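Participant: Right, I'll just put the structure down here and ask away after.
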Amino acid sequence: MKNKPKILIVDDNPENLISLEKLLYTLKVICVRAHSTNEALKLTLNHEFSVVIIDVQFPETDGLKTLQRLHSKKKTRQLPVIFLSSNNHEDSFLLKDIKSGSVVFIHKPIVPELLIGKIRVFHELYLQKRKLADLLKFKERVNIKLHEAIRKAEQANYTKSLFLANMSHEIRTPLNGILGMANVLAETNLNNEQRSFLNLIQVSGENLLIIINDLLDFSKIETGQISIESISIHLTQEIETVMTLMRINAQDKGLNINYSIDSNIHTQISGDPFRIKQVLINLINNAIKFTESGGISLNVGLNNNLFGQSFIRFSVIDTGIGINDDSKNNLFKEFNQVDNSITRKFGGTGLGLAICKSLVSLMHGRIGLESEVGKGSVFWFEIPYIKTHEKSNQEVIYTEFAQPHNLKILVAEDNPINQKVAIHSLNQLGYQCDLAKNGRQAVEMHHKNEYDIIFMDIQMPEIDGLEATVLIRKYEKEIEFQKPVIIIAATANAFNEDKQKCLQSGMNFHMSKPFRPEVLKKMLLKAIKMANNF
Ligand code: ADP
């Protein structure tokens with residue numbers, strides 16, 4: 001056997017040691033001799049023994065003291081000891097104080113079978129203990145490796161998500177240039193051919209933006225950076241907004257599109273309007289994408305579960321290609337599509353439904369589908385139904401205000417292309433503006449010129465948009481300024497959390513880049529309305 005067990009035999013008489021060793025020969029162990037208990041104690045420090053055999057009567061110290069010294073050390077606390085004794089009286093005296101089951105007495109003259117039998121029992125125990133210790137060590141090593149692997153996987157996942165988020169931001173910035181300038185160009189004199197080319201640029205840019213938004217959402221969900229709002233919303237208004245957008249896409253394909261809302265639903269509910277619309281837009285866009293004829297309808301109804309909880313169920317019904325049973329279960333996992341030919345024919349990243357599933361579960365709801373190949377699909381999701389009575393302040397009609405054209409506007413933007421986009425977009429709406437290349441310049445120019453509106457980029461050199469806003473607000477307080485400037489964040493940081501940061505720094509509105517001309521106009525109208533109220 002590899003690593004044969006060792007037995008320590010202790011006796012002051014060398015002849016006894018030799019005969020003991022002979023007796024133990026059959027056990028195939030290594031016998032280590034000690035001629036005194038002191039020597040024995042020293043040997044236990046450097047060797048690992050399976051059992052110690054001690055003659056109780058030693059001249060310098062008795063067996064009990066040796067045992068006590070052995071038991072006082074951590075390494076030998078559990079070490080089995082066999083005492084060889086010729087004095088029955090002393091044995092009973094010793095036994096009184098010994099609590100350990102690993103100590104036995106064998107009386108002289110020794111019966112070899114008895115001694116060997118006892119040793120075998122201790123050996124078996126020792127071997128089991130060694131196996132257990134090896135197993136524990138192995139488990140510990142595996143655990144360390146496992147933890148390291150988990151840590152690395154988490155780190156890699158986090159890095160990947162961070163990379164995706166950064167890349168999305170970086171791509172968004174030049175895309176703002178492309179879409180922004182395309183929008184500016186669309187307002188100039190173009191012949192039909194030029195206009196159709198421009199239209200292709202715009203459509204491609206918009207599609208790219210959808211992909212980038214999906215990637216950004218996906219990475220934010222993975223890193224747990226998405227928070228869900230709970231505000232009072234007017235359900236019909238939100239659905240109307242979605243349908244207005246979707247109608248254009250459906251009509252382009254010659255598809256009917258309609259919606260119905262169960263009359264029992266109280267239309268003022270609590271929820272996250274942005275996320276509800278995001279899921280609806282995703283499902284309806286898919287329905288349009290995978291339907292060649294017929295139409296799409298959105299039904300909104302109530303559903304009570306077994307526990308009496310009420311949910312609002314949104315069902316998007318199409319008459320499209322349908323989905324086979326094998327694919328249904330996987331569709332809500334990221335990067336999953338029914339088959340690869342779908343990607344070639346219809347495009348898409350396979351992320352949309354995974355994002356919808358995450359968002360719906362963040363809203364404490366669930367999502368599912370029913371579908372038949374060739375007939376169509378129903379994609380549904382439900383979220384808790386919470387009635388509110390607060391009036392929504394979301395949908396204010398801004399178009400009714402007259403637009404003054406003598407506004408003093410500053411654009412704080414470091415990217416030269418995005419500067420052009422902002423200047424031209426504002427010019428086309430009839431406004432002039434000044435330009436600041438970073439946050440510091442924006443603060444200085446505002447001190448000098450006292451602007452009505454500032455469009456503030458966030459990531460800028462020297463002083464970023466958030467810090468610049470804080471400085472401007474501080475300055476306004478110091479001089480007890482009556483009419484604070486309206487600051488609109490115009491940024492590629494498109495998330496709700498980014499928006500919150502902007503508002504917390506003292507900005508009034510948030511507009512994500514790239515922005516459409518209608519959004520810019522709406523922002524200006526909102527700003528003017530706010531300025532009029534001061
Ligand atoms: P993408 O549409 O970007 O590929 P999604 O996650 O939104 O990603 O959808 C995943 C897949 O689910 C699609 O590629 C398609 O195969 C299938 N799918 C989704 N909606 C429908 C639908 N209404 N009809 C048929 N197939 C659908």
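Residue numbering restarts at 1 in every chain; chains get A, B, ... in the order shown in the structure tokens, and ligands count up from 1 in that same order.
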Would you please give, as a PyMOL selection string, all residues of segment 186-358 of chain A that DSSP assigns to strand (DSSP E or B) based on the backbone?
Facilitator: chain A and resi 231-234+256-261+268-271+295-304+310-318
Participant: For the selection just defined, write its residues with N, CA, C and O atoms to a file, as a compact mmCIF listing (two decimals), in the first residue's frame.
Facilitator:
# COMPACT_ATOMS: atom_id res chain seq x y z
N ILE A 231 -45.84 54.97 -11.87
CA ILE A 231 -46.52 56.27 -11.82
C ILE A 231 -47.93 56.12 -12.37
O ILE A 231 -48.25 55.11 -13.01
N SER A 232 -48.73 57.13 -12.15
CA SER A 232 -50.11 57.06 -12.64
C SER A 232 -50.13 57.33 -14.15
O SER A 232 -49.61 58.35 -14.61
N ILE A 233 -50.73 56.40 -14.90
CA ILE A 233 -50.75 56.61 -16.37
C ILE A 233 -52.17 56.42 -16.90
O ILE A 233 -52.97 55.68 -16.31
N HIS A 234 -52.41 57.06 -18.01
CA HIS A 234 -53.70 56.89 -18.68
C HIS A 234 -53.52 55.85 -19.76
O HIS A 234 -52.89 56.09 -20.78
N ASN A 256 -54.06 45.49 -41.81
CA ASN A 256 -55.01 46.19 -40.91
C ASN A 256 -54.41 46.20 -39.51
O ASN A 256 -53.73 45.25 -39.13
N ILE A 257 -54.73 47.23 -38.79
CA ILE A 257 -54.29 47.24 -37.39
C ILE A 257 -55.34 47.93 -36.53
O ILE A 257 -55.89 48.96 -36.93
N ASN A 258 -55.73 47.32 -35.43
CA ASN A 258 -56.71 47.95 -34.54
C ASN A 258 -56.48 47.51 -33.10
O ASN A 258 -55.67 46.61 -32.85
N TYR A 259 -57.19 48.17 -32.18
CA TYR A 259 -57.06 47.74 -30.79
C TYR A 259 -58.39 47.85 -30.07
O TYR A 259 -59.30 48.55 -30.52
N SER A 260 -58.52 47.10 -28.98
CA SER A 260 -59.73 47.23 -28.16
C SER A 260 -59.33 47.13 -26.70
O SER A 260 -58.39 46.41 -26.34
N ILE A 261 -60.03 47.90 -25.86
CA ILE A 261 -59.75 47.86 -24.42
C ILE A 261 -61.04 47.48 -23.70
O ILE A 261 -62.09 48.10 -23.95
N GLN A 268 -57.14 54.73 -15.65
CA GLN A 268 -56.03 55.37 -14.93
C GLN A 268 -55.38 54.31 -14.04
O GLN A 268 -55.98 53.85 -13.06
N ILE A 269 -54.19 53.87 -14.42
CA ILE A 269 -53.55 52.78 -13.67
C ILE A 269 -52.13 53.18 -13.27
O ILE A 269 -51.57 54.15 -13.77
N SER A 270 -51.58 52.37 -12.38
CA SER A 270 -50.19 52.63 -11.98
C SER A 270 -49.27 51.70 -12.77
O SER A 270 -49.56 50.52 -12.93
N GLY A 271 -48.18 52.22 -13.28
CA GLY A 271 -47.25 51.39 -14.05
C GLY A 271 -46.10 52.21 -14.60
O GLY A 271 -45.95 53.39 -14.29
N GLY A 295 -54.03 41.00 -40.68
CA GLY A 295 -53.84 42.17 -39.81
C GLY A 295 -53.39 41.81 -38.41
O GLY A 295 -53.15 40.66 -38.07
N ILE A 296 -53.30 42.88 -37.64
CA ILE A 296 -52.82 42.76 -36.27
C ILE A 296 -53.83 43.44 -35.36
O ILE A 296 -54.31 44.53 -35.68
N SER A 297 -54.17 42.78 -34.26
CA SER A 297 -55.00 43.51 -33.29
C SER A 297 -54.41 43.38 -31.91
O SER A 297 -53.79 42.37 -31.56
N LEU A 298 -54.64 44.44 -31.15
CA LEU A 298 -54.19 44.45 -29.76
C LEU A 298 -55.42 44.47 -28.87
O LEU A 298 -56.26 45.36 -28.99
N ASN A 299 -55.54 43.44 -28.03
CA ASN A 299 -56.67 43.41 -27.08
C ASN A 299 -56.15 43.62 -25.67
O ASN A 299 -55.16 43.00 -25.29
N VAL A 300 -56.83 44.47 -24.95
CA VAL A 300 -56.42 44.70 -23.55
C VAL A 300 -57.59 44.28 -22.66
O VAL A 300 -58.70 44.80 -22.81
N GLY A 301 -57.34 43.32 -21.80
CA GLY A 301 -58.42 42.82 -20.94
C GLY A 301 -57.93 42.57 -19.53
O GLY A 301 -56.77 42.80 -19.21
N LEU A 302 -58.86 42.07 -18.70
CA LEU A 302 -58.49 41.76 -17.31
C LEU A 302 -58.39 40.26 -17.12
O LEU A 302 -59.08 39.49 -17.78
N ASN A 303 -57.53 39.86 -16.22
CA ASN A 303 -57.37 38.44 -15.93
C ASN A 303 -57.14 38.29 -14.43
O ASN A 303 -56.24 38.91 -13.89
N ASN A 304 -57.97 37.46 -13.79
CA ASN A 304 -57.78 37.24 -12.35
C ASN A 304 -57.12 35.88 -12.15
O ASN A 304 -57.51 34.92 -12.79
N SER A 310 -55.60 40.67 -9.64
CA SER A 310 -56.01 41.07 -11.00
C SER A 310 -54.82 41.52 -11.82
O SER A 310 -53.92 42.20 -11.31
N PHE A 311 -54.83 41.14 -13.07
CA PHE A 311 -53.77 41.52 -13.99
C PHE A 311 -54.40 42.14 -15.24
O PHE A 311 -55.49 41.75 -15.64
N ILE A 312 -53.66 43.07 -15.84
CA ILE A 312 -54.09 43.56 -17.15
C ILE A 312 -53.36 42.72 -18.17
O ILE A 312 -52.12 42.59 -18.11
N ARG A 313 -54.13 42.14 -19.08
CA ARG A 313 -53.49 41.29 -20.09
C ARG A 313 -53.53 42.00 -21.45
O ARG A 313 -54.59 42.42 -21.91
N PHE A 314 -52.35 42.15 -22.04
CA PHE A 314 -52.22 42.74 -23.37
C PHE A 314 -51.98 41.57 -24.34
O PHE A 314 -51.02 40.82 -24.14
N SER A 315 -52.83 41.42 -25.37
CA SER A 315 -52.64 40.33 -26.33
C SER A 315 -52.46 40.91 -27.72
O SER A 315 -53.31 41.67 -28.20
N VAL A 316 -51.33 40.55 -28.35
CA VAL A 316 -51.07 41.02 -29.71
C VAL A 316 -51.33 39.84 -30.65
O VAL A 316 -50.65 38.82 -30.58
N ILE A 317 -52.35 39.98 -31.47
CA ILE A 317 -52.81 38.85 -32.30
C ILE A 317 -52.48 39.15 -33.75
O ILE A 317 -52.79 40.23 -34.26
N ASP A 318 -51.82 38.20 -34.41
CA ASP A 318 -51.53 38.42 -35.84
C ASP A 318 -52.00 37.25 -36.68
O ASP A 318 -52.32 36.18 -36.16
Participant: With only C-alpha atoms as the counted atoms, please give the residues lying no more than 7 Å from segment 468-473 of chain A, apart from itself and same-chain residues fewer than 3 positions off, as a VMD selection string.
Facilitator: chain A and resid 439 to 440 443 463 to 465 476 to 477 505 to 507
Participant: Write down as a PyMOL selection string the residues belonging to segment 76-297 of chain A that are assigned alpha helix (DSSP H) by DSSP computed on the backbone.
Facilitator: chain A and resi 88-97+112-186+192-222+235-252+273-289
Participant: Do you know which residues are at most 10 Å from Tyr158 of chain A counting only C-alpha atoms, after dropping those on the same chain fewer than 6 positions away, and could you put them as a list in words?
Facilitator: Lys152, Leu164, Ser219, Lys220, Glu222 and Thr223 of chain A
Participant: Output the selection as a PDB file, in the first residue's frame - N, CA and C atoms for each residue.
Facilitator:
ATOM      1  N   LYS A 152     -14.699  34.583 -12.297  1.00  0.00           N
ATOM      2  CA  LYS A 152     -14.229  34.983 -13.636  1.00  0.00           C
ATOM      3  C   LYS A 152     -15.396  35.122 -14.594  1.00  0.00           C
ATOM      4  N   LEU A 164     -20.787  46.309 -24.107  1.00  0.00           N
ATOM      5  CA  LEU A 164     -21.963  46.543 -24.961  1.00  0.00           C
ATOM      6  C   LEU A 164     -22.555  47.922 -24.692  1.00  0.00           C
ATOM      7  N   SER A 219     -27.828  44.754 -22.157  1.00  0.00           N
ATOM      8  CA  SER A 219     -26.676  44.830 -21.254  1.00  0.00           C
ATOM      9  C   SER A 219     -27.076  45.435 -19.910  1.00  0.00           C
ATOM     10  N   LYS A 220     -27.986  46.392 -19.943  1.00  0.00           N
ATOM     11  CA  LYS A 220     -28.433  46.995 -18.677  1.00  0.00           C
ATOM     12  C   LYS A 220     -29.214  45.982 -17.847  1.00  0.00           C
ATOM     13  N   GLU A 222     -28.812  42.760 -17.931  1.00  0.00           N
ATOM     14  CA  GLU A 222     -27.848  41.771 -17.423  1.00  0.00           C
ATOM     15  C   GLU A 222     -27.084  42.287 -16.216  1.00  0.00           C
ATOM     16  N   THR A 223     -26.796  43.569 -16.191  1.00  0.00           N
ATOM     17  CA  THR A 223     -26.032  44.094 -15.056  1.00  0.00           C
ATOM     18  C   THR A 223     -26.967  44.664 -13.979  1.00  0.00           C
TER      19      THR A 223
END
